file query-v2.csv (CSV, C-alpha atoms and all ligand atoms)
chain,number,residue,atom,x,y,z
K,1,MET,CA,-55.3,-130.4,-8.2
K,2,ASN,CA,-56.3,-130.2,-4.6
K,3,VAL,CA,-59.3,-128.2,-3.4
K,4,ALA,CA,-57.3,-125.2,-2.5
K,5,GLN,CA,-55.9,-124.9,-6.0
K,6,GLN,CA,-59.3,-125.2,-7.7
K,7,PRO,CA,-61.1,-122.2,-9.1
K,8,LYS,CA,-63.9,-121.0,-6.7
K,9,SER,CA,-66.6,-122.1,-9.1
K,10,GLN,CA,-65.4,-125.7,-8.9
K,11,THR,CA,-65.5,-125.9,-5.1
K,12,MET,CA,-69.0,-124.4,-4.7
K,13,THR,CA,-72.1,-126.6,-4.7
K,14,LEU,CA,-74.6,-126.0,-7.4
K,15,SER,CA,-77.0,-124.4,-4.9
K,16,GLU,CA,-74.2,-122.0,-3.9
K,17,ARG,CA,-73.6,-121.3,-7.6
K,18,ALA,CA,-77.3,-120.5,-8.0
K,19,ASP,CA,-77.1,-118.0,-5.2
K,20,GLU,CA,-73.9,-116.6,-6.6
K,21,LEU,CA,-75.4,-116.0,-10.0
K,22,GLU,CA,-78.6,-114.4,-8.5
K,23,HIS,CA,-76.4,-112.1,-6.4
K,24,GLN,CA,-74.2,-111.1,-9.3
K,25,MET,CA,-77.2,-110.2,-11.4
K,26,GLU,CA,-78.6,-108.0,-8.7
K,27,GLU,CA,-75.2,-106.3,-8.3
K,28,GLU,CA,-75.2,-105.5,-12.0
K,29,LEU,CA,-78.4,-103.5,-11.5
K,30,GLU,CA,-77.4,-101.3,-8.6
K,31,ARG,CA,-73.9,-101.5,-7.4
K,32,VAL,CA,-72.9,-100.0,-4.1
K,33,VAL,CA,-69.2,-99.8,-3.8
K,34,THR,CA,-68.2,-101.7,-0.7
K,35,LYS,CA,-64.6,-102.8,-1.4
K,36,SER,CA,-61.8,-102.4,1.1
K,37,LEU,CA,-61.0,-98.8,1.9
K,38,LEU,CA,-58.1,-97.3,3.7
K,39,PHE,CA,-58.6,-93.8,5.0
K,40,ASN,CA,-55.7,-91.3,5.2
K,41,LEU,CA,-56.4,-89.6,8.5
K,42,ALA,CA,-53.5,-87.3,8.2
K,43,ASP,CA,-54.7,-85.3,5.2
K,44,GLY,CA,-58.3,-86.4,5.1
K,45,LYS,CA,-58.0,-87.9,1.6
K,46,VAL,CA,-59.8,-91.1,0.7
K,47,ALA,CA,-58.1,-93.6,-1.5
K,48,TYR,CA,-59.9,-96.4,-3.4
K,49,ASP,CA,-57.2,-99.0,-4.3
K,50,SER,CA,-57.0,-102.4,-2.8
K,51,GLY,CA,-55.8,-102.8,0.8
K,52,ALA,CA,-52.4,-104.1,-0.3
K,53,ALA,CA,-51.9,-101.4,-2.9
K,54,LEU,CA,-52.8,-98.7,-0.4
K,55,ASN,CA,-50.5,-100.1,2.2
K,56,ALA,CA,-47.7,-99.8,-0.3
K,57,LYS,CA,-48.7,-96.3,-1.3
K,58,TYR,CA,-49.6,-94.9,2.1
K,59,PRO,CA,-47.5,-96.6,4.7
K,60,GLY,CA,-48.4,-95.8,8.2
K,61,LYS,CA,-52.0,-94.6,7.4
K,62,TYR,CA,-55.1,-95.9,9.1
K,63,MET,CA,-58.1,-98.0,8.3
K,64,LEU,CA,-61.4,-96.3,8.1
K,65,MET,CA,-63.8,-96.8,11.0
K,66,GLY,CA,-67.3,-95.5,11.5
K,67,ASP,CA,-69.4,-94.2,8.6
K,68,ASP,CA,-68.2,-94.9,5.1
K,69,PRO,CA,-67.9,-91.6,3.2
K,70,ARG,CA,-68.8,-93.4,-0.1
K,71,LEU,CA,-72.2,-94.3,1.2
K,72,PRO,CA,-75.1,-92.1,2.0
K,73,LYS,CA,-75.3,-91.2,5.7
K,74,MET,CA,-78.0,-93.1,7.6
K,75,PRO,CA,-80.2,-91.5,10.3
K,76,ALA,CA,-79.4,-92.3,13.9
K,77,LYS,CA,-82.6,-94.4,14.1
K,78,PRO,CA,-82.8,-96.0,10.7
K,79,THR,CA,-86.1,-97.4,9.5
K,80,LEU,CA,-86.7,-100.1,6.9
K,81,LEU,CA,-87.4,-97.4,4.3
K,82,ASP,CA,-84.0,-95.8,5.1
K,83,TYR,CA,-82.4,-99.1,4.4
K,84,PHE,CA,-84.3,-99.4,1.1
K,85,ARG,CA,-83.3,-95.9,0.1
K,86,TYR,CA,-79.7,-95.9,1.2
K,87,ARG,CA,-78.4,-99.4,1.4
K,88,PHE,CA,-80.2,-102.2,-0.5
K,89,ALA,CA,-78.3,-102.8,-3.7
K,90,SER,CA,-81.0,-105.4,-4.8
K,91,MET,CA,-83.9,-102.9,-4.5
K,92,ASN,CA,-84.8,-103.0,-8.1
K,93,HIS,CA,-85.2,-106.8,-8.1
K,94,LEU,CA,-87.2,-106.7,-4.8
K,95,LEU,CA,-89.5,-104.0,-6.1
K,96,GLN,CA,-90.1,-105.9,-9.3
K,97,SER,CA,-91.1,-109.0,-7.4
K,98,ALA,CA,-93.3,-107.1,-5.0
K,99,THR,CA,-95.0,-105.1,-7.7
K,100,HIS,CA,-95.8,-108.4,-9.5
K,101,ALA,CA,-97.3,-109.8,-6.3
K,102,LEU,CA,-99.3,-106.6,-5.7
K,103,LYS,CA,-100.7,-106.7,-9.2
K,104,ALA,CA,-101.7,-110.4,-8.8
K,105,GLY,CA,-103.8,-109.3,-5.8
K,106,LEU,CA,-101.9,-111.3,-3.2
K,107,PRO,CA,-102.4,-110.7,0.5
K,108,GLU,CA,-100.2,-107.8,1.9
K,109,LYS,CA,-98.1,-110.1,4.1
K,110,THR,CA,-97.2,-112.1,1.0
K,111,VAL,CA,-96.4,-108.9,-0.9
K,112,LEU,CA,-94.1,-107.9,2.0
K,113,ALA,CA,-92.4,-111.3,1.8
K,114,CYS,CA,-91.7,-110.7,-1.9
K,115,LEU,CA,-90.4,-107.2,-1.1
K,116,LEU,CA,-87.9,-108.6,1.5
K,117,HIS,CA,-87.1,-112.0,0.1
K,118,ASP,CA,-83.5,-111.4,-1.0
K,119,VAL,CA,-82.5,-108.5,1.2
K,120,VAL,CA,-80.1,-110.6,3.2
K,121,GLN,CA,-77.9,-111.0,0.2
K,122,GLU,CA,-76.5,-107.7,1.2
K,123,ILE,CA,-74.4,-109.6,3.7
K,124,ILE,CA,-74.5,-113.3,2.8
K,125,LYS,CA,-75.4,-115.5,-0.2
K,126,VAL,CA,-75.3,-119.1,1.1
K,127,ASP,CA,-78.6,-120.3,2.4
K,128,HIS,CA,-80.1,-116.8,1.9
K,129,GLY,CA,-83.6,-118.0,2.6
K,130,TRP,CA,-82.7,-119.1,6.1
K,131,TRP,CA,-80.6,-116.1,6.8
K,132,GLY,CA,-83.2,-113.7,5.3
K,133,ALA,CA,-86.0,-115.1,7.5
K,134,GLN,CA,-83.8,-114.7,10.5
K,135,LEU,CA,-83.0,-111.1,9.7
K,136,PHE,CA,-86.7,-110.2,9.6
K,137,GLU,CA,-88.2,-112.5,12.1
K,138,PRO,CA,-88.4,-110.0,15.0
K,139,TYR,CA,-90.3,-107.5,12.8
K,140,ILE,CA,-92.7,-109.4,10.5
K,141,SER,CA,-95.4,-112.1,10.8
K,142,GLU,CA,-94.4,-115.8,11.2
K,143,LYS,CA,-96.0,-116.6,8.0
K,144,ALA,CA,-94.1,-114.0,6.0
K,145,ALA,CA,-90.8,-115.2,7.6
K,146,PHE,CA,-91.7,-118.7,6.6
K,147,ALA,CA,-92.2,-117.6,3.0
K,148,ILE,CA,-88.8,-115.9,2.9
K,149,ARG,CA,-87.0,-118.9,4.5
K,150,TYR,CA,-88.4,-121.5,2.2
K,151,HIS,CA,-88.5,-119.7,-1.2
K,152,GLN,CA,-84.8,-120.7,-1.5
K,153,ALA,CA,-85.6,-124.4,-1.6
K,154,LEU,CA,-88.9,-124.1,-3.6
K,155,ARG,CA,-87.2,-122.3,-6.5
K,156,PHE,CA,-85.7,-125.6,-7.6
K,157,TYR,CA,-89.0,-127.4,-7.8
K,158,ALA,CA,-91.6,-126.7,-10.5
K,159,ASP,CA,-95.3,-126.3,-9.6
K,160,PRO,CA,-97.1,-125.5,-12.8
K,161,ALA,CA,-100.5,-125.6,-11.2
K,162,ASN,CA,-99.5,-122.6,-9.1
K,163,GLY,CA,-97.7,-120.9,-12.0
K,164,TYR,CA,-94.1,-121.8,-11.3
K,165,GLU,CA,-92.0,-123.5,-13.9
K,166,TYR,CA,-88.4,-124.6,-13.3
K,167,PRO,CA,-86.3,-121.7,-14.5
K,168,ASP,CA,-84.7,-122.2,-17.9
K,169,LEU,CA,-81.7,-120.3,-16.5
K,170,TYR,CA,-81.0,-123.1,-14.1
K,171,ARG,CA,-81.1,-125.7,-16.9
K,172,ARG,CA,-78.6,-123.6,-18.8
K,173,ILE,CA,-76.2,-123.1,-16.0
K,174,PHE,CA,-76.5,-126.3,-14.0
K,175,GLY,CA,-77.3,-128.8,-16.8
K,176,HIS,CA,-80.4,-130.9,-17.3
K,177,ASP,CA,-79.3,-133.5,-14.8
K,178,TYR,CA,-78.9,-131.2,-11.8
K,179,ARG,CA,-80.4,-132.3,-8.5
K,180,PRO,CA,-80.4,-130.0,-5.4
K,181,GLU,CA,-78.6,-131.1,-2.3
K,182,PRO,CA,-80.3,-133.6,0.0
K,183,TYR,CA,-81.1,-130.9,2.6
K,184,ILE,CA,-82.8,-128.8,0.0
K,185,GLU,CA,-84.8,-131.8,-1.2
K,186,ALA,CA,-85.8,-132.7,2.4
K,187,THR,CA,-86.8,-129.1,3.0
K,188,TYR,CA,-88.9,-129.0,-0.1
K,189,GLN,CA,-90.7,-132.2,0.9
K,190,MET,CA,-91.5,-130.7,4.3
K,191,VAL,CA,-92.7,-127.4,3.0
K,192,ARG,CA,-94.8,-129.0,0.3
K,193,LYS,CA,-97.0,-130.5,3.0
K,194,HIS,CA,-97.0,-127.4,5.2
K,195,LYS,CA,-100.2,-125.2,5.6
K,196,TRP,CA,-98.1,-122.2,4.5
K,197,TYR,CA,-96.7,-123.8,1.4
K,198,GLY,CA,-98.7,-121.3,-0.7
K,199,GLU,CA,-97.1,-118.3,0.8
K,200,ALA,CA,-93.6,-119.6,0.2
K,201,ARG,CA,-94.5,-120.7,-3.3
K,202,MET,CA,-95.9,-117.3,-4.2
K,203,VAL,CA,-92.5,-115.7,-3.4
K,204,THR,CA,-90.9,-118.0,-6.1
K,205,VAL,CA,-93.8,-117.3,-8.5
K,206,ASN,CA,-93.2,-113.6,-8.2
K,207,ASP,CA,-89.4,-113.8,-8.0
K,208,LEU,CA,-89.5,-113.9,-11.8
K,209,TYR,CA,-85.7,-113.8,-12.0
K,210,ALA,CA,-86.6,-110.2,-12.6
K,211,PHE,CA,-83.5,-108.3,-13.3
K,212,ASP,CA,-84.8,-105.8,-15.9
K,213,PRO,CA,-82.9,-102.5,-15.1
K,214,ASN,CA,-85.5,-100.5,-17.1
K,215,ALA,CA,-88.5,-101.8,-15.1
K,216,GLN,CA,-90.7,-99.0,-13.8
K,217,VAL,CA,-91.0,-99.6,-10.1
K,218,SER,CA,-91.4,-97.4,-7.0
K,219,LEU,CA,-90.9,-97.9,-3.3
K,220,ASP,CA,-93.7,-95.4,-2.6
K,221,VAL,CA,-96.3,-98.0,-3.5
K,222,PHE,CA,-95.2,-100.2,-0.6
K,223,VAL,CA,-94.9,-97.6,2.2
K,224,ASP,CA,-98.3,-98.2,3.6
K,225,ILE,CA,-97.9,-102.0,3.5
K,226,ILE,CA,-94.6,-101.7,5.3
K,227,GLY,CA,-96.3,-99.5,7.9
K,228,ARG,CA,-99.0,-102.0,8.5
K,229,HIS,CA,-96.9,-105.2,8.6
K,230,PHE,CA,-93.4,-104.3,9.6
K,231,LYS,CA,-92.8,-103.6,13.3
K,232,GLN,CA,-90.3,-100.8,13.1
K,233,PRO,CA,-88.3,-100.6,16.4
K,234,LYS,CA,-88.4,-97.1,17.9
K,235,GLU,CA,-84.6,-97.3,18.5
K,236,GLY,CA,-83.9,-97.9,14.8
K,237,LEU,CA,-82.9,-101.1,13.0
K,238,GLY,CA,-79.5,-102.1,14.4
K,239,TYR,CA,-80.0,-100.3,17.7
K,240,ASP,CA,-82.9,-102.2,19.3
K,241,ASN,CA,-80.8,-104.8,21.0
K,242,SER,CA,-82.6,-107.6,19.1
K,243,PRO,CA,-80.8,-110.9,18.3
K,244,VAL,CA,-80.3,-109.6,14.7
K,245,ALA,CA,-79.3,-106.0,15.4
K,246,HIS,CA,-75.7,-106.8,14.4
K,247,MET,CA,-76.9,-107.9,11.0
K,248,TRP,CA,-78.5,-104.5,10.4
K,249,ARG,CA,-75.4,-102.7,11.5
K,250,THR,CA,-73.4,-104.8,9.1
K,251,ILE,CA,-75.6,-103.6,6.3
K,252,GLU,CA,-75.3,-100.0,7.5
K,253,ARG,CA,-71.5,-100.2,7.6
K,254,PRO,CA,-70.6,-103.0,5.2
K,255,ASP,CA,-66.9,-102.4,5.1
K,256,ALA,CA,-66.1,-101.5,8.7
K,257,PRO,CA,-62.8,-103.3,9.1
K,258,LEU,CA,-62.9,-104.1,12.8
T,301,FE,FE,-83.9,-115.7,-3.5
T,302,FE,FE,-85.1,-113.2,-5.9
call {"tool": "encode", "arguments": {"input": "query-v2.csv", "output": "structure tokens"}}
result
Amino acid sequence: MNVAQQPKSQTMTLSERADELEHQMEEELERVVTKSLLFNLADGKVAYDSGAALNAKYPGKYMLMGDDPRLPKMPAKPTLLDYFRYRFASMNHLLQSATHALKAGLPEKTVLACLLHDVVQEIIKVDHGWWGAQLFEPYISEKAAFAIRYHQALRFYADPANGYEYPDLYRRIFGHDYRPEPYIEATYQMVRKHKWYGEARMVTVNDLYAFDPNAQVSLDVFVDIIGRHFKQPKEGLGYDNSPVAHMWRTIERPDAPL
């Protein structure tokens, strides 16, 4: 069997499979429908089949551009809170992590890192720590971005003295002999000696693999922390011409076809 014929799970690295699993668990909590959509401009009807099925059923119709009618409309100048309320499918997991960090009395910048640590999985899973830090770097402290970037590597390495055990879940799904990719190992060795190791480690400690759909959490608790530590651009996220504005627009309109 060549690579193209193998099931996707066999061609993914173990680290990618860890990301995939985490993402799937989040999606089970709060699913936002973002599958391919064709829009019948002639009669205004919206159809929800796959692209191929719709093409067969509605020949000569058009693809939807602009706002997606299945998703809540965003304000013209969206804030981080708007994204939390209207777009972040992983909000429950993020709130559980941040609530845990808050109760542990961690500094507000670390609580914010916990609140934002997996947001980027809205648009990409692979290397979500690096991508996630990039998404937020223009708007948060260097230290909080560092914590988001490196939680991805640290989650594979136990640190019982700081309250982090290697997740049982990983043992079950990757086997007892699993070793992370060399770049993850090298990253861990670097971060382990870094002055901000503690901040990145606390994101993993509070990550909790917390996917309890019945957990009592609220975004309201974090509004002031966001206000103090997140530099909201006055033009709105996605419209401030920053190097990551396109990433925010992708989250706002996740299924825009062109
Ligand atoms: Fe993560
Ligand atoms: Fe997480």
call {"tool": "closest_residue", "arguments": {"input": "query-v2.csv", "among": "K:Glu181, K:Asp212, K:Glu252, K:Asp82", "to": "Gly66 (chain K)", "atoms": "only C-alpha atoms"}}
result
K:Glu252
call {"tool": "closest_atom_pairs", "arguments": {"input": "query-v2.csv", "of": "chain K", "to": "ligand FE 302 (chain T)", "cutoff": "7 Å", "atoms": "only C-alpha atoms and all ligand atoms", "output": "Markdown table"}}
result
| residue | atom | partner | partner_atom | distance |
| --- | --- | --- | --- | --- |
| K:His93 | CA | T:FE302 | FE | 6.8 |
| K:Leu94 | CA | T:FE302 | FE | 6.9 |
| K:His117 | CA | T:FE302 | FE | 6.4 |
| K:Asp118 | CA | T:FE302 | FE | 5.5 |
| K:Asp207 | CA | T:FE302 | FE | 4.8 |
| K:Tyr209 | CA | T:FE302 | FE | 6.2 |
call {"tool": "residues_near_ligand", "arguments": {"input": "query-v2.csv", "ligand": "ligand FE 301 (chain T)", "cutoff": "10 Å", "atoms": "all atoms listed in the file", "output": "list in words"}}
result
Ala18, Asp19, Glu22, His23, Leu94, Cys114, Leu116, His117, Asp118, Val119, Val120, Gln121, Lys125, Asp127, His128, Gly129, Gly132, Ile148, Arg149, Tyr150, His151, Gln152, Ala153, Leu154, Arg155, Val203, Thr204, Asp207 and Tyr209 of chain K
call {"tool": "atom_distance", "arguments": {"input": "query-v2.csv", "atom1": "CA of Val191 (chain K)", "atom2": "CA of Ile123 (chain K)"}}
result
25.5 Å
call {"tool": "residues_around", "arguments": {"input": "query-v2.csv", "residues": "Lys103 (chain K)", "least_positions_apart": "6", "cutoff": "12 Å", "atoms": "all atoms listed in the file", "output": "PyMOL selection string"}}
result
chain K and resi 95-97+111+206+221
call {"tool": "closest_residue", "arguments": {"input": "query-v2.csv", "among": "K:Thr110, K:Ile140, K:Ser15, K:Leu102", "to": "Gly227 (chain K)", "atoms": "all atoms listed in the file"}}
result
K:Ile140
call {"tool": "atom_distance", "arguments": {"input": "query-v2.csv", "atom1": "CA of Leu219 (chain K)", "atom2": "CA of Tyr166 (chain K)"}}
result
28.6 Å
call {"tool": "atom_distance", "arguments": {"input": "query-v2.csv", "atom1": "CA of Trp248 (chain K)", "atom2": "CA of Asp68 (chain K)"}}
result
15.0 Å
call {"tool": "closest_residue", "arguments": {"input": "query-v2.csv", "among": "K:Leu237, K:Ala133, K:Ile251, K:Ala245", "to": "Thr79 (chain K)", "atoms": "all atoms listed in the file"}}
result
K:Leu237
call {"tool": "closest_residue", "arguments": {"input": "query-v2.csv", "among": "K:Ala56, K:Ile173, K:Leu14, K:Ile124", "to": "Pro254 (chain K)", "atoms": "all atoms listed in the file"}}
result
K:Ile124
call {"tool": "residues_around", "arguments": {"input": "query-v2.csv", "residues": "Arg249 (chain K)", "least_positions_apart": "3", "cutoff": "12 Å", "atoms": "all atoms listed in the file", "output": "ChimeraX atom specification"}}
result
/K:66-67,74,76-78,83,87,122-123,135,236-246,252-256
call {"tool": "closest_residue", "arguments": {"input": "query-v2.csv", "among": "K:His100, K:Lys193, K:Lys109, K:Arg201", "to": "Ala161 (chain K)", "atoms": "all atoms listed in the file"}}
result
K:Arg201
call {"tool": "closest_residue", "arguments": {"input": "query-v2.csv", "among": "K:Trp131, K:Asn162, K:Glu185, K:Leu115", "to": "Leu81 (chain K)", "atoms": "all atoms listed in the file"}}
result
K:Leu115
call {"tool": "residues_around", "arguments": {"input": "query-v2.csv", "residues": "Ala144 (chain K)", "least_positions_apart": "3", "cutoff": "6 Å", "atoms": "only C-alpha atoms", "output": "compact mmCIF listing (two decimals) with C-alpha atoms, in the coordinates of the input"}}
result
# COMPACT_ATOMS: atom_id res chain seq x y z
CA LYS K 109 -98.10 -110.10 4.10
CA ALA K 113 -92.40 -111.30 1.80
CA SER K 141 -95.40 -112.10 10.80
CA ALA K 147 -92.20 -117.60 3.00
call {"tool": "decode", "arguments": {"input": "query-v2.csv", "residues": "region 116-150 of chain K", "atoms": "N, CA and C atoms", "output": "short mmCIF file (atom, residue, chain, number, x, y, z; two decimals), in the first residue's frame"}}
result
data_model
loop_
_atom_site.label_atom_id
_atom_site.label_comp_id
_atom_site.auth_asym_id
_atom_site.auth_seq_id
_atom_site.Cartn_x
_atom_site.Cartn_y
_atom_site.Cartn_z
N LEU K 116 -6.36 31.43 26.07
CA LEU K 116 -6.17 31.53 24.62
C LEU K 116 -5.39 30.37 24.03
N HIS K 117 -4.99 29.40 24.84
CA HIS K 117 -3.94 28.46 24.41
C HIS K 117 -4.31 27.59 23.21
N ASP K 118 -5.59 27.29 22.99
CA ASP K 118 -5.96 26.41 21.87
C ASP K 118 -6.84 27.09 20.83
N VAL K 119 -7.00 28.40 20.95
CA VAL K 119 -7.91 29.12 20.05
C VAL K 119 -7.59 28.85 18.58
N VAL K 120 -6.30 28.80 18.24
CA VAL K 120 -5.92 28.70 16.83
C VAL K 120 -6.41 27.41 16.18
N GLN K 121 -6.83 26.45 17.00
CA GLN K 121 -7.35 25.21 16.41
C GLN K 121 -8.64 25.45 15.64
N GLU K 122 -9.17 26.67 15.74
CA GLU K 122 -10.28 27.05 14.85
C GLU K 122 -9.85 26.98 13.39
N ILE K 123 -8.55 27.22 13.14
CA ILE K 123 -8.12 27.24 11.74
C ILE K 123 -7.03 26.21 11.41
N ILE K 124 -6.32 25.72 12.40
CA ILE K 124 -5.27 24.74 12.09
C ILE K 124 -4.95 23.91 13.34
N LYS K 125 -4.60 22.65 13.10
CA LYS K 125 -4.30 21.76 14.23
C LYS K 125 -2.79 21.52 14.39
N VAL K 126 -2.11 21.30 13.27
CA VAL K 126 -0.69 20.93 13.33
C VAL K 126 0.13 22.08 13.91
N ASP K 127 0.99 21.77 14.87
CA ASP K 127 1.83 22.77 15.53
C ASP K 127 1.00 23.93 16.07
N HIS K 128 -0.10 23.60 16.74
CA HIS K 128 -1.02 24.67 17.16
C HIS K 128 -0.42 25.60 18.21
N GLY K 129 0.63 25.14 18.90
CA GLY K 129 1.29 26.04 19.85
C GLY K 129 1.96 27.20 19.13
N TRP K 130 2.71 26.87 18.09
CA TRP K 130 3.41 27.90 17.32
C TRP K 130 2.42 28.82 16.61
N TRP K 131 1.45 28.21 15.94
CA TRP K 131 0.44 29.02 15.25
C TRP K 131 -0.33 29.90 16.24
N GLY K 132 -0.66 29.34 17.38
CA GLY K 132 -1.46 30.07 18.37
C GLY K 132 -0.71 31.29 18.89
N ALA K 133 0.58 31.12 19.17
CA ALA K 133 1.38 32.25 19.64
C ALA K 133 1.42 33.34 18.57
N GLN K 134 1.56 32.93 17.33
CA GLN K 134 1.61 33.89 16.22
C GLN K 134 0.31 34.68 16.12
N LEU K 135 -0.81 33.98 16.27
CA LEU K 135 -2.12 34.63 16.17
C LEU K 135 -2.27 35.76 17.19
N PHE K 136 -1.68 35.56 18.37
CA PHE K 136 -1.89 36.53 19.46
C PHE K 136 -0.74 37.49 19.69
N GLU K 137 0.41 37.23 19.09
CA GLU K 137 1.60 38.02 19.41
C GLU K 137 1.43 39.54 19.30
N PRO K 138 0.70 40.05 18.31
CA PRO K 138 0.57 41.52 18.26
C PRO K 138 -0.24 42.09 19.42
N TYR K 139 -0.93 41.26 20.18
CA TYR K 139 -1.92 41.78 21.13
C TYR K 139 -1.67 41.41 22.59
N ILE K 140 -0.72 40.51 22.85
CA ILE K 140 -0.49 40.09 24.24
C ILE K 140 0.99 40.20 24.58
N SER K 141 1.32 39.99 25.86
CA SER K 141 2.71 40.10 26.29
C SER K 141 3.55 38.99 25.66
N GLU K 142 4.84 39.26 25.58
CA GLU K 142 5.78 38.27 25.03
C GLU K 142 5.75 36.99 25.86
N LYS K 143 5.61 37.19 27.15
CA LYS K 143 5.62 36.03 28.05
C LYS K 143 4.39 35.15 27.84
N ALA K 144 3.23 35.76 27.67
CA ALA K 144 2.01 34.97 27.44
C ALA K 144 2.09 34.24 26.09
N ALA K 145 2.64 34.91 25.08
CA ALA K 145 2.80 34.26 23.77
C ALA K 145 3.77 33.08 23.87
N PHE K 146 4.82 33.26 24.66
CA PHE K 146 5.79 32.17 24.88
C PHE K 146 5.07 30.96 25.49
N ALA K 147 4.22 31.22 26.46
CA ALA K 147 3.50 30.13 27.14
C ALA K 147 2.60 29.39 26.17
N ILE K 148 1.92 30.13 25.31
CA ILE K 148 1.04 29.49 24.33
C ILE K 148 1.86 28.67 23.33
N ARG K 149 2.97 29.26 22.85
CA ARG K 149 3.78 28.57 21.83
C ARG K 149 4.29 27.21 22.35
N TYR K 150 4.76 27.21 23.59
CA TYR K 150 5.48 26.02 24.03
C TYR K 150 4.67 25.04 24.87
#
